[in-house]
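Right, one structure below, let's go through it.
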Amino acid sequence: MSYFYKSEAPATVAIVRDFYDRKDAQRAAMKRLGELFGGVIAPMQDMTSCYAGGVKLSSSRELDVHWCRPDDHGYRSLRTNAIPPKGISKQERAAIRDEHKRLVEQWNENCPPRLSIHETWSQLRINTGNLLLSGGIFFEFNSVAYFNLGFSINEAAHLANVAYGRPSAGWISGATEITTSEYEAARQSKLQVKAVADA
């Protein structure tokens with residue numbers, strides 16, 4: 001079951017907006033990383049963070065020395081160690097190892113750090129254990145922060161009060177419950193604005 005909330009509290013909106021500003025900066029860094037390696041970087045996200053995935057490169061076997069085979073979407077990950085082909089000289093093997101070291105260093109120097117989603121939820125005073133169990137999404141549109149949670153804020157606050165004795169624990173500042181339709185209308189409007197901006 002999903003519960004929907006919104007908040008117009010400036011501090012709450014600022015926290016959500018800051019996350020997306022940092023996500024935009026991360027995506028820009030991924031674009032630069034892709035340009036260095038000659039392909040598009042896969043933007044990845046798990047339950048706790050956003051991060052750079054593999055690079056969309058050719059499926060040519062020649063790249064297998066340094067890169068894992070492409071996944072189902074054509075993205076390759078840089079190998080931990082190079083795999084030189086058999087039957088080559090020691091000098092050629094050394095050159096391949098040197099090149100691989102250069103690639104790894106270039107990746108490490110230019111790959112943007114992971115962006116923690118849970119850090120933002122913690123700033124919003126939401127217990128990340130609840131999120132791992134039930135999930136949650138947030139976005140900002142027209143200076144309003146919207147939330148889709150797999151648990152009730154009231155229930156989370158009650159459990160936190162019992163556990164920690166803090167009346168404000170588990171609450172998003174200024175959050176009020178809204179209908180599914182109000183949440184969806186805001187989400188669709190946000191997507192439309194993004195589609196126009198990306199066109």
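Residue numbering restarts at 1 in every chain; chains get A, B, ... in the order shown in the structure tokens, and ligands count up from 1 in that same order.
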message: So that I can check the surroundings of Ala11 (chain A), please list as a VMD selection string every protein, DNA and RNA residue that reaches within 12 Å of it, counting only C-alpha atoms and ignoring chain neighbours fewer than 4 positions away.
response: chain A and resid 7 15 to 18 123 to 125 143 to 145 172 to 175
- prompt: So which residues touch Glu119 (chain A) within 10 Å, counting only C-alpha atoms, skipping near sequence neighbours fewer than 6 positions away, as a ChimeraX atom specification?
  reply: /A:19,48-49,125-126,128
Atoms to include: N, CA and C atoms. Write the selected residues as a JSON list (two decimals), in the first residue's frame.
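Here's the written file selection.json:
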```json
[["chain", "number", "residue", "atom", "x", "y", "z"],
["A", 19, "PHE", "N", 18.94, 17.46, -3.36],
["A", 19, "PHE", "CA", 19.25, 16.12, -3.85],
["A", 19, "PHE", "C", 19.25, 16.11, -5.37],
["A", 48, "THR", "N", 19.69, 2.56, -2.03],
["A", 48, "THR", "CA", 20.34, 3.54, -1.16],
["A", 48, "THR", "C", 21.11, 4.62, -1.89],
["A", 49, "SER", "N", 21.40, 4.45, -3.18],
["A", 49, "SER", "CA", 22.25, 5.43, -3.84],
["A", 49, "SER", "C", 22.10, 5.43, -5.36],
["A", 125, "ARG", "N", 14.19, 13.25, 8.20],
["A", 125, "ARG", "CA", 13.79, 12.61, 9.45],
["A", 125, "ARG", "C", 12.91, 11.38, 9.23],
["A", 126, "ILE", "N", 13.22, 10.64, 8.17],
["A", 126, "ILE", "CA", 12.54, 9.37, 7.90],
["A", 126, "ILE", "C", 13.52, 8.24, 8.20],
["A", 128, "THR", "N", 15.44, 5.12, 7.75],
["A", 128, "THR", "CA", 15.79, 4.40, 6.53],
["A", 128, "THR", "C", 15.46, 2.91, 6.61]]
```
field: Residue with smallest distance to Ser59 (chain A) - pool A:Asp71, A:Val193, A:Pro85, A:Lys6, counting only C-alpha atoms
entry: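 The closest residue to Ser59 (chain A) is A:Asp71.
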- prompt: Pick from A:Leu33, A:Ala14, A:Leu191, A:Ala82: nearest to Arg102 (chain A), with only C-alpha atoms counted?
  reply: A:Ala82
query: Quick one: of A:Tyr75, A:Gln192, A:Ser122, A:Tyr51, who's nearest to Trp171 (chain A), counting only C-alpha atoms?
result: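 Using only C-alpha atoms, Trp171 (chain A) sits closest to A:Ser122.
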Interatomic distance, CA of Lys101 (chain A) to CA of Thr80 (chain A) (Å, one decimal):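 CA of Thr80 (chain A) lies 9.5 Å from CA of Lys101 (chain A).
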message: With only C-alpha atoms as the counted atoms, please give the residues lying no more than 9 Å from Tyr3 (chain A), apart from itself and same-chain residues fewer than 6 positions off, as a list in words.
response: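 Near Tyr3 (chain A), the qualifying residues are Phe147, Asn148, Leu149, Gly150, Phe151, Ser152, Ile153, Glu177, Ile178, Thr179 and Thr180 of chain A.
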Please save all heavy atoms of the selected residues as a tab-separated table (two decimals), in the first residue's frame.
```
chain	number	residue	atom	x	y	z
A	147	PHE	N	5.86	13.10	-1.78
A	147	PHE	CA	6.40	11.84	-1.27
A	147	PHE	C	5.41	10.70	-1.50
A	147	PHE	O	4.21	10.86	-1.29
A	147	PHE	CB	6.67	11.95	0.24
A	147	PHE	CG	7.58	13.09	0.59
A	147	PHE	CD1	7.06	14.34	0.89
A	147	PHE	CD2	8.96	12.92	0.60
A	147	PHE	CE1	7.89	15.41	1.20
A	147	PHE	CE2	9.80	13.98	0.90
A	147	PHE	CZ	9.27	15.22	1.20
A	148	ASN	N	5.94	9.56	-1.93
A	148	ASN	CA	5.18	8.32	-2.08
A	148	ASN	C	5.89	7.30	-1.20
A	148	ASN	O	7.00	6.87	-1.50
A	148	ASN	CB	5.17	7.88	-3.55
A	148	ASN	CG	4.50	6.53	-3.75
A	148	ASN	OD1	4.09	5.86	-2.80
A	148	ASN	ND2	4.39	6.12	-5.00
A	149	LEU	N	5.26	6.93	-0.09
A	149	LEU	CA	5.88	6.02	0.88
A	149	LEU	C	5.09	4.72	0.98
A	149	LEU	O	3.87	4.72	0.84
A	149	LEU	CB	5.95	6.68	2.26
A	149	LEU	CG	6.72	8.01	2.34
A	149	LEU	CD1	6.60	8.59	3.74
A	149	LEU	CD2	8.17	7.82	1.97
A	150	GLY	N	5.81	3.65	1.23
A	150	GLY	CA	5.16	2.37	1.43
A	150	GLY	C	4.70	2.16	2.86
A	150	GLY	O	4.34	1.06	3.25
A	151	PHE	N	4.73	3.22	3.64
A	151	PHE	CA	4.30	3.16	5.04
A	151	PHE	C	3.74	4.51	5.43
A	151	PHE	O	4.04	5.53	4.80
A	151	PHE	CB	5.48	2.80	5.96
A	151	PHE	CG	6.67	3.72	5.80
A	151	PHE	CD1	6.81	4.84	6.60
A	151	PHE	CD2	7.63	3.45	4.83
A	151	PHE	CE1	7.89	5.70	6.43
A	151	PHE	CE2	8.73	4.31	4.67
A	151	PHE	CZ	8.85	5.43	5.48
A	152	SER	N	2.93	4.54	6.44
A	152	SER	CA	2.31	5.78	6.91
A	152	SER	C	3.28	6.56	7.78
A	152	SER	O	3.92	5.99	8.66
A	152	SER	CB	1.04	5.45	7.71
A	152	SER	OG	0.62	6.55	8.47
A	153	ILE	N	3.41	7.85	7.54
A	153	ILE	CA	4.25	8.69	8.39
A	153	ILE	C	3.76	8.64	9.83
A	153	ILE	O	4.53	8.60	10.77
A	153	ILE	CB	4.27	10.15	7.88
A	153	ILE	CG1	5.11	10.25	6.62
A	153	ILE	CG2	4.85	11.09	8.94
A	153	ILE	CD1	5.21	11.65	6.05
A	177	GLU	N	-0.97	14.57	4.35
A	177	GLU	CA	-1.38	13.49	3.46
A	177	GLU	C	-2.24	14.03	2.34
A	177	GLU	O	-3.06	14.93	2.54
A	177	GLU	CB	-2.13	12.41	4.24
A	177	GLU	CG	-2.30	11.12	3.44
A	177	GLU	CD	-2.65	9.92	4.31
A	177	GLU	OE1	-2.82	10.09	5.53
A	177	GLU	OE2	-2.74	8.82	3.74
A	178	ILE	N	-2.03	13.51	1.12
A	178	ILE	CA	-2.80	13.92	-0.05
A	178	ILE	C	-3.35	12.69	-0.76
A	178	ILE	O	-2.97	11.56	-0.46
A	178	ILE	CB	-1.95	14.76	-1.02
A	178	ILE	CG1	-0.73	13.95	-1.52
A	178	ILE	CG2	-1.52	16.08	-0.38
A	178	ILE	CD1	0.09	14.65	-2.59
A	179	THR	N	-4.23	12.92	-1.71
A	179	THR	CA	-4.81	11.82	-2.47
A	179	THR	C	-3.84	11.32	-3.53
A	179	THR	O	-2.92	12.03	-3.94
A	179	THR	CB	-6.12	12.25	-3.16
A	179	THR	OG1	-5.80	13.30	-4.11
A	179	THR	CG2	-7.14	12.76	-2.14
A	180	THR	N	-4.09	10.10	-3.99
A	180	THR	CA	-3.29	9.54	-5.07
A	180	THR	C	-3.37	10.42	-6.31
A	180	THR	O	-2.37	10.65	-6.99
A	180	THR	CB	-3.78	8.12	-5.41
A	180	THR	OG1	-3.77	7.32	-4.23
A	180	THR	CG2	-2.93	7.47	-6.48
```
Atom-to-atom span, CA of Pro70 (chain A) and CA of Leu57 (chain A), Å: 7.8 Å
task: Check the smallest atom-to-atom distance from each of A:Ser89, A:Arg114, A:Asp198, A:Ala94 to Pro43 (chain A) using only C-alpha atoms, then report the winner.
output: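 Under the stated criterion, the closest residue is A:Arg114.
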task: Once DSSP has gone over the backbone, tell me which residues of region 1-192 of chain A are in helix (DSSP H, G or I), as a PyMOL selection string.
output: chain A and resi 10-37+61-65+90-110+117-123+128-134+153-164+180-192
Selection to disk with C-alpha atoms, as a PDB file, in the first residue's frame:
```pdb
ATOM      1  CA  PRO A  10      10.920  25.700   2.811  1.00  0.00           C
ATOM      2  CA  ALA A  11      13.446  23.508   4.639  1.00  0.00           C
ATOM      3  CA  THR A  12      11.825  20.297   3.328  1.00  0.00           C
ATOM      4  CA  VAL A  13      11.602  21.593  -0.237  1.00  0.00           C
ATOM      5  CA  ALA A  14      15.242  22.720  -0.039  1.00  0.00           C
ATOM      6  CA  ILE A  15      16.397  19.241   1.035  1.00  0.00           C
ATOM      7  CA  VAL A  16      14.598  17.548  -1.857  1.00  0.00           C
ATOM      8  CA  ARG A  17      15.721  20.185  -4.364  1.00  0.00           C
ATOM      9  CA  ASP A  18      19.332  19.870  -3.180  1.00  0.00           C
ATOM     10  CA  PHE A  19      19.247  16.125  -3.852  1.00  0.00           C
ATOM     11  CA  TYR A  20      18.147  16.667  -7.450  1.00  0.00           C
ATOM     12  CA  ASP A  21      20.684  19.464  -7.947  1.00  0.00           C
ATOM     13  CA  ARG A  22      23.407  17.053  -6.846  1.00  0.00           C
ATOM     14  CA  LYS A  23      21.925  14.334  -9.056  1.00  0.00           C
ATOM     15  CA  ASP A  24      22.061  16.700 -12.060  1.00  0.00           C
ATOM     16  CA  ALA A  25      25.715  17.437 -11.239  1.00  0.00           C
ATOM     17  CA  GLN A  26      26.389  13.697 -11.013  1.00  0.00           C
ATOM     18  CA  ARG A  27      24.753  13.117 -14.425  1.00  0.00           C
ATOM     19  CA  ALA A  28      26.867  15.906 -15.941  1.00  0.00           C
ATOM     20  CA  ALA A  29      29.983  14.243 -14.513  1.00  0.00           C
ATOM     21  CA  MET A  30      28.830  10.906 -15.975  1.00  0.00           C
ATOM     22  CA  LYS A  31      28.498  12.553 -19.375  1.00  0.00           C
ATOM     23  CA  ARG A  32      32.085  13.819 -19.157  1.00  0.00           C
ATOM     24  CA  LEU A  33      33.218  10.357 -18.019  1.00  0.00           C
ATOM     25  CA  GLY A  34      31.493   8.796 -21.019  1.00  0.00           C
ATOM     26  CA  GLU A  35      33.210  11.212 -23.365  1.00  0.00           C
ATOM     27  CA  LEU A  36      36.591  10.168 -21.945  1.00  0.00           C
ATOM     28  CA  PHE A  37      35.848   6.485 -22.601  1.00  0.00           C
ATOM     29  CA  ARG A  61      36.078  -9.090 -28.750  1.00  0.00           C
ATOM     30  CA  GLU A  62      39.109  -6.814 -29.058  1.00  0.00           C
ATOM     31  CA  LEU A  63      37.792  -4.813 -26.098  1.00  0.00           C
ATOM     32  CA  ASP A  64      37.558  -7.909 -23.890  1.00  0.00           C
ATOM     33  CA  VAL A  65      41.174  -7.428 -22.798  1.00  0.00           C
ATOM     34  CA  LYS A  90      56.227 -10.260 -22.425  1.00  0.00           C
ATOM     35  CA  GLN A  91      56.616  -6.736 -23.774  1.00  0.00           C
ATOM     36  CA  GLU A  92      53.099  -6.819 -25.233  1.00  0.00           C
ATOM     37  CA  ARG A  93      51.710  -8.133 -21.939  1.00  0.00           C
ATOM     38  CA  ALA A  94      53.485  -5.363 -20.047  1.00  0.00           C
ATOM     39  CA  ALA A  95      52.075  -2.752 -22.445  1.00  0.00           C
ATOM     40  CA  ILE A  96      48.554  -4.128 -21.921  1.00  0.00           C
ATOM     41  CA  ARG A  97      48.980  -4.030 -18.131  1.00  0.00           C
ATOM     42  CA  ASP A  98      50.240  -0.445 -18.320  1.00  0.00           C
ATOM     43  CA  GLU A  99      47.288   0.562 -20.479  1.00  0.00           C
ATOM     44  CA  HIS A 100      44.884  -1.114 -18.084  1.00  0.00           C
ATOM     45  CA  LYS A 101      46.429   0.722 -15.156  1.00  0.00           C
ATOM     46  CA  ARG A 102      45.940   3.975 -17.071  1.00  0.00           C
ATOM     47  CA  LEU A 103      42.277   3.153 -17.765  1.00  0.00           C
ATOM     48  CA  VAL A 104      41.593   2.269 -14.121  1.00  0.00           C
ATOM     49  CA  GLU A 105      43.262   5.462 -12.908  1.00  0.00           C
ATOM     50  CA  GLN A 106      41.321   7.528 -15.445  1.00  0.00           C
ATOM     51  CA  TRP A 107      38.064   5.920 -14.300  1.00  0.00           C
ATOM     52  CA  ASN A 108      38.807   6.427 -10.608  1.00  0.00           C
ATOM     53  CA  GLU A 109      39.836  10.054 -11.118  1.00  0.00           C
ATOM     54  CA  ASN A 110      36.785  10.996 -13.178  1.00  0.00           C
ATOM     55  CA  ILE A 117      19.483   8.664  -1.273  1.00  0.00           C
ATOM     56  CA  HIS A 118      19.307   7.557   2.355  1.00  0.00           C
ATOM     57  CA  GLU A 119      21.291  10.602   3.455  1.00  0.00           C
ATOM     58  CA  THR A 120      18.489  12.773   2.070  1.00  0.00           C
ATOM     59  CA  TRP A 121      15.799  10.660   3.747  1.00  0.00           C
ATOM     60  CA  SER A 122      17.675  10.996   7.030  1.00  0.00           C
ATOM     61  CA  GLN A 123      17.728  14.775   6.608  1.00  0.00           C
ATOM     62  CA  THR A 128      15.786   4.399   6.525  1.00  0.00           C
ATOM     63  CA  GLY A 129      14.880   0.984   7.957  1.00  0.00           C
ATOM     64  CA  ASN A 130      11.262   1.699   7.040  1.00  0.00           C
ATOM     65  CA  LEU A 131      12.377   2.602   3.516  1.00  0.00           C
ATOM     66  CA  LEU A 132      14.345  -0.619   3.077  1.00  0.00           C
ATOM     67  CA  LEU A 133      11.278  -2.590   4.119  1.00  0.00           C
ATOM     68  CA  SER A 134       8.574  -0.618   2.320  1.00  0.00           C
ATOM     69  CA  ILE A 153       4.251   8.692   8.390  1.00  0.00           C
ATOM     70  CA  ASN A 154       1.873   8.581  11.357  1.00  0.00           C
ATOM     71  CA  GLU A 155       2.660   4.915  11.972  1.00  0.00           C
ATOM     72  CA  ALA A 156       6.396   5.565  11.592  1.00  0.00           C
ATOM     73  CA  ALA A 157       6.201   8.485  13.992  1.00  0.00           C
ATOM     74  CA  HIS A 158       4.294   6.413  16.541  1.00  0.00           C
ATOM     75  CA  LEU A 159       6.862   3.607  16.411  1.00  0.00           C
ATOM     76  CA  ALA A 160       9.693   6.133  16.749  1.00  0.00           C
ATOM     77  CA  ASN A 161       7.967   7.775  19.701  1.00  0.00           C
ATOM     78  CA  VAL A 162       7.652   4.425  21.455  1.00  0.00           C
ATOM     79  CA  ALA A 163      11.266   3.485  20.709  1.00  0.00           C
ATOM     80  CA  TYR A 164      12.953   6.826  21.264  1.00  0.00           C
ATOM     81  CA  THR A 180      -3.289   9.539  -5.072  1.00  0.00           C
ATOM     82  CA  SER A 181      -4.756  11.733  -7.810  1.00  0.00           C
ATOM     83  CA  GLU A 182      -3.088  14.903  -6.478  1.00  0.00           C
ATOM     84  CA  TYR A 183       0.254  13.119  -6.282  1.00  0.00           C
ATOM     85  CA  GLU A 184      -0.115  11.664  -9.791  1.00  0.00           C
ATOM     86  CA  ALA A 185      -1.144  15.024 -11.264  1.00  0.00           C
ATOM     87  CA  ALA A 186       2.022  16.613  -9.856  1.00  0.00           C
ATOM     88  CA  ARG A 187       4.170  13.699 -11.047  1.00  0.00           C
ATOM     89  CA  GLN A 188       2.780  13.848 -14.575  1.00  0.00           C
ATOM     90  CA  SER A 189       3.256  17.619 -14.718  1.00  0.00           C
ATOM     91  CA  LYS A 190       6.862  17.186 -13.562  1.00  0.00           C
ATOM     92  CA  LEU A 191       7.461  14.565 -16.275  1.00  0.00           C
ATOM     93  CA  GLN A 192       5.946  16.820 -18.961  1.00  0.00           C
TER      94      GLN A 192
END
```
message: For the structure I just gave you, how does DSSP split region 6-163 of chain A - specifically, which residues are strand (DSSP E)? Reply as a ChimeraX atom specification.
response: /A:6-7,41-45,49-56,75-76,115-116,136-141,144-149
Go ahead and save the picked residues with N, CA and C atoms, as a PDB file, in the first residue's frame.
```
ATOM      1  N   LYS A   6       2.604  15.694   0.795  1.00  0.00           N
ATOM      2  CA  LYS A   6       3.293  16.842   0.219  1.00  0.00           C
ATOM      3  C   LYS A   6       3.687  17.780   1.347  1.00  0.00           C
ATOM      4  N   SER A   7       4.699  18.584   1.075  1.00  0.00           N
ATOM      5  CA  SER A   7       5.139  19.585   2.052  1.00  0.00           C
ATOM      6  C   SER A   7       5.585  20.834   1.307  1.00  0.00           C
ATOM      7  N   ILE A  41      27.573   6.525 -20.340  1.00  0.00           N
ATOM      8  CA  ILE A  41      27.609   5.850 -19.038  1.00  0.00           C
ATOM      9  C   ILE A  41      26.185   5.501 -18.608  1.00  0.00           C
ATOM     10  N   ALA A  42      26.013   4.320 -18.053  1.00  0.00           N
ATOM     11  CA  ALA A  42      24.706   3.900 -17.545  1.00  0.00           C
ATOM     12  C   ALA A  42      24.469   4.518 -16.172  1.00  0.00           C
ATOM     13  N   PRO A  43      23.428   5.382 -16.036  1.00  0.00           N
ATOM     14  CA  PRO A  43      23.103   5.886 -14.696  1.00  0.00           C
ATOM     15  C   PRO A  43      22.356   4.804 -13.918  1.00  0.00           C
ATOM     16  N   MET A  44      22.896   4.388 -12.801  1.00  0.00           N
ATOM     17  CA  MET A  44      22.331   3.288 -12.030  1.00  0.00           C
ATOM     18  C   MET A  44      21.796   3.794 -10.699  1.00  0.00           C
ATOM     19  N   GLN A  45      20.831   3.042 -10.161  1.00  0.00           N
ATOM     20  CA  GLN A  45      20.279   3.388  -8.850  1.00  0.00           C
ATOM     21  C   GLN A  45      19.856   2.126  -8.134  1.00  0.00           C
ATOM     22  N   SER A  49      21.402   4.447  -3.181  1.00  0.00           N
ATOM     23  CA  SER A  49      22.250   5.432  -3.844  1.00  0.00           C
ATOM     24  C   SER A  49      22.102   5.430  -5.362  1.00  0.00           C
ATOM     25  N   CYS A  50      22.611   6.505  -5.978  1.00  0.00           N
ATOM     26  CA  CYS A  50      22.719   6.629  -7.430  1.00  0.00           C
ATOM     27  C   CYS A  50      24.206   6.584  -7.773  1.00  0.00           C
ATOM     28  N   TYR A  51      24.566   5.898  -8.870  1.00  0.00           N
ATOM     29  CA  TYR A  51      25.974   5.751  -9.188  1.00  0.00           C
ATOM     30  C   TYR A  51      26.174   5.471 -10.675  1.00  0.00           C
ATOM     31  N   ALA A  52      27.415   5.616 -11.129  1.00  0.00           N
ATOM     32  CA  ALA A  52      27.762   5.363 -12.520  1.00  0.00           C
ATOM     33  C   ALA A  52      27.938   3.870 -12.752  1.00  0.00           C
ATOM     34  N   GLY A  53      27.276   3.366 -13.786  1.00  0.00           N
ATOM     35  CA  GLY A  53      27.409   1.956 -14.139  1.00  0.00           C
ATOM     36  C   GLY A  53      28.461   1.783 -15.230  1.00  0.00           C
ATOM     37  N   GLY A  54      28.193   0.872 -16.144  1.00  0.00           N
ATOM     38  CA  GLY A  54      29.141   0.592 -17.211  1.00  0.00           C
ATOM     39  C   GLY A  54      29.075   1.622 -18.328  1.00  0.00           C
ATOM     40  N   VAL A  55      29.880   1.364 -19.393  1.00  0.00           N
ATOM     41  CA  VAL A  55      29.953   2.246 -20.552  1.00  0.00           C
ATOM     42  C   VAL A  55      29.414   1.492 -21.759  1.00  0.00           C
ATOM     43  N   LYS A  56      28.583   2.173 -22.560  1.00  0.00           N
ATOM     44  CA  LYS A  56      28.061   1.541 -23.773  1.00  0.00           C
ATOM     45  C   LYS A  56      29.152   1.595 -24.837  1.00  0.00           C
ATOM     46  N   TYR A  75      26.126  -2.406 -22.108  1.00  0.00           N
ATOM     47  CA  TYR A  75      27.080  -1.687 -21.270  1.00  0.00           C
ATOM     48  C   TYR A  75      28.180  -2.622 -20.787  1.00  0.00           C
ATOM     49  N   ARG A  76      29.398  -2.115 -20.799  1.00  0.00           N
ATOM     50  CA  ARG A  76      30.556  -2.875 -20.337  1.00  0.00           C
ATOM     51  C   ARG A  76      31.129  -2.252 -19.067  1.00  0.00           C
ATOM     52  N   LEU A 115      25.850   8.949  -4.950  1.00  0.00           N
ATOM     53  CA  LEU A 115      24.970   9.938  -4.333  1.00  0.00           C
ATOM     54  C   LEU A 115      24.002   9.192  -3.427  1.00  0.00           C
ATOM     55  N   SER A 116      24.092   9.448  -2.126  1.00  0.00           N
ATOM     56  CA  SER A 116      23.282   8.718  -1.154  1.00  0.00           C
ATOM     57  C   SER A 116      21.846   9.227  -1.123  1.00  0.00           C
ATOM     58  N   GLY A 136      10.212   4.121  -0.825  1.00  0.00           N
ATOM     59  CA  GLY A 136       9.803   5.516  -0.807  1.00  0.00           C
ATOM     60  C   GLY A 136      10.394   6.287  -1.974  1.00  0.00           C
ATOM     61  N   ILE A 137       9.655   7.283  -2.452  1.00  0.00           N
ATOM     62  CA  ILE A 137      10.072   8.129  -3.567  1.00  0.00           C
ATOM     63  C   ILE A 137       9.778   9.569  -3.198  1.00  0.00           C
ATOM     64  N   PHE A 138      10.630  10.495  -3.651  1.00  0.00           N
ATOM     65  CA  PHE A 138      10.326  11.906  -3.449  1.00  0.00           C
ATOM     66  C   PHE A 138      10.695  12.701  -4.701  1.00  0.00           C
ATOM     67  N   PHE A 139      10.034  13.828  -4.891  1.00  0.00           N
ATOM     68  CA  PHE A 139      10.413  14.770  -5.937  1.00  0.00           C
ATOM     69  C   PHE A 139       9.877  16.145  -5.565  1.00  0.00           C
ATOM     70  N   GLU A 140      10.387  17.162  -6.258  1.00  0.00           N
ATOM     71  CA  GLU A 140       9.954  18.534  -6.008  1.00  0.00           C
ATOM     72  C   GLU A 140       9.387  19.121  -7.291  1.00  0.00           C
ATOM     73  N   PHE A 141       8.266  19.834  -7.164  1.00  0.00           N
ATOM     74  CA  PHE A 141       7.672  20.481  -8.331  1.00  0.00           C
ATOM     75  C   PHE A 141       6.964  21.748  -7.885  1.00  0.00           C
ATOM     76  N   VAL A 144       7.019  22.614  -4.161  1.00  0.00           N
ATOM     77  CA  VAL A 144       6.327  21.686  -3.271  1.00  0.00           C
ATOM     78  C   VAL A 144       7.059  20.342  -3.346  1.00  0.00           C
ATOM     79  N   ALA A 145       7.320  19.744  -2.199  1.00  0.00           N
ATOM     80  CA  ALA A 145       7.946  18.418  -2.153  1.00  0.00           C
ATOM     81  C   ALA A 145       6.856  17.356  -2.027  1.00  0.00           C
ATOM     82  N   TYR A 146       6.941  16.327  -2.865  1.00  0.00           N
ATOM     83  CA  TYR A 146       5.955  15.244  -2.869  1.00  0.00           C
ATOM     84  C   TYR A 146       6.626  13.940  -2.471  1.00  0.00           C
ATOM     85  N   PHE A 147       5.861  13.100  -1.777  1.00  0.00           N
ATOM     86  CA  PHE A 147       6.398  11.837  -1.266  1.00  0.00           C
ATOM     87  C   PHE A 147       5.412  10.698  -1.502  1.00  0.00           C
ATOM     88  N   ASN A 148       5.945   9.562  -1.935  1.00  0.00           N
ATOM     89  CA  ASN A 148       5.180   8.321  -2.075  1.00  0.00           C
ATOM     90  C   ASN A 148       5.886   7.299  -1.195  1.00  0.00           C
ATOM     91  N   LEU A 149       5.264   6.931  -0.087  1.00  0.00           N
ATOM     92  CA  LEU A 149       5.881   6.020   0.878  1.00  0.00           C
ATOM     93  C   LEU A 149       5.092   4.722   0.981  1.00  0.00           C
TER      94      LEU A 149
END
```
- prompt: Any idea what the distance is between CA of Asn142 (chain A) and CA of Ala199 (chain A)?
  reply: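 Spanning CA of Asn142 (chain A) to CA of Ala199 (chain A) is a straight-line distance of 20.3 Å.
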